[in-house]
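Everything below concerns the one structure shown next.
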Amino acid sequence: MDGFQVLEQLSADRTLRDLPVIVTSSLEGIAKVVRCIELGAEDYLSKPVNPVLLRARIGASLEKKRLRDQQAEMVRRFATSEVAQDLQQSGFALGGKRVSASVMFADIRGFTALVESQSPEETIELLNTYYTLMFDAISGHGGVVNQIGDGLMAVFGAPLPLADHAGSAVRATQEMIEMIEGFNQQRLASNKAAIRIGIGVATGEMVAGYTGTKARATYTCIGDTVNLAARLLIRPKEIGTFR
């Protein structure tokens, strides 16, 4: 391969595309330089190469790479693995696309009264345990949690496709209920009140994507299917939900 082909291969490889490349060449003409940069080269130096200038360019390239690695680590830390993978594969862009998926809403019933009956430390401990149990059940069936509070919202089938996303959402729901029942046994044994959860699940077409600004954005989904899942959660007596 020539240098251009090497750059093309690096750009096409997801594991190597962020590797900084400095091209040194005796090829002349601005068109050659422009092509190298367009193919992903970090910098271009003509031969014969000045070693002092090369050392400075290497230092600058490594610093840019360090900052990109830090950014990627922040994404991995604060986003789900599915969202991080989607960002790595397709890049970030505000906007959405229509997908067929399943969405779930879940919350702790009577949460305000529960908060008023215990200390802030107990509330935080309760929420952390609740999140751990619910996240395990949801992610274990391919779901992605994208909103949290005293409740949560999760989507199955986006940003990455998921076969039988409806069945996965229902199985996650059943596991969540089982986990809460086990958790309540521990709470009762410690003379603490049991908690109840409500869950709403709906399947259909929705718009999923990144909303917000370039500086601060989140992955979410909107549409009638999402609204239906929320109503199933809020009005169980009228529509019916899991216990």
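Lettering and numbering for the structure tokens are positional, with chains as A, B, ... in the shown order, residues counted from 1 in each chain, and ligands counted from 1 in the shown order.
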
Report task. Pull the strand (DSSP E) assignments for region 10-216 of chain A out of DSSP run on the backbone, and list those residues as a ChimeraX atom specification. Result -> /A:22-25,43-46,95-108,143-148,151-156,197-212

Considering only C-alpha atoms, return as a PDB file with C-alpha atoms, in the first residue's frame whatever protein or nucleic-acid residues lie within 10 Å of Glu175 (chain A), sequence-local ones (same chain, fewer than 4 positions apart) excluded.
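New file selection.pdb:
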```
ATOM      1  CA  LEU A 133     -31.296  -3.831  40.984  1.00  0.00           C
ATOM      2  CA  MET A 134     -33.291  -2.202  38.190  1.00  0.00           C
ATOM      3  CA  ASP A 136     -29.120  -5.129  36.304  1.00  0.00           C
ATOM      4  CA  ALA A 137     -32.536  -6.417  35.239  1.00  0.00           C
ATOM      5  CA  ILE A 138     -32.885  -3.943  32.361  1.00  0.00           C
ATOM      6  CA  GLY A 140     -29.441  -7.972  31.394  1.00  0.00           C
ATOM      7  CA  HIS A 141     -32.220  -8.073  28.794  1.00  0.00           C
ATOM      8  CA  ALA A 169     -38.862  -5.562  27.965  1.00  0.00           C
ATOM      9  CA  VAL A 170     -41.484  -7.856  29.503  1.00  0.00           C
ATOM     10  CA  ARG A 171     -38.857 -10.299  30.793  1.00  0.00           C
ATOM     11  CA  MET A 179     -35.840  -8.346  42.598  1.00  0.00           C
ATOM     12  CA  ILE A 180     -38.058  -5.886  44.464  1.00  0.00           C
ATOM     13  CA  GLU A 181     -39.793  -8.761  46.266  1.00  0.00           C
TER      14      GLU A 181
END
```

Query - Test item, helix (DSSP H, G or I) assignment across region 11-164 of chain A, answer as an MDAnalysis selection string - result: chainID A and resid 11:12 30:38 51:78 81:90 111:116 120:139

Requested in this report: Considering only C-alpha atoms, state which residue in the set A:Ala101, A:Ala193, A:Leu127, A:Ala113 is at the smallest distance from Leu160 (chain A).
Outcome: A:Ala101
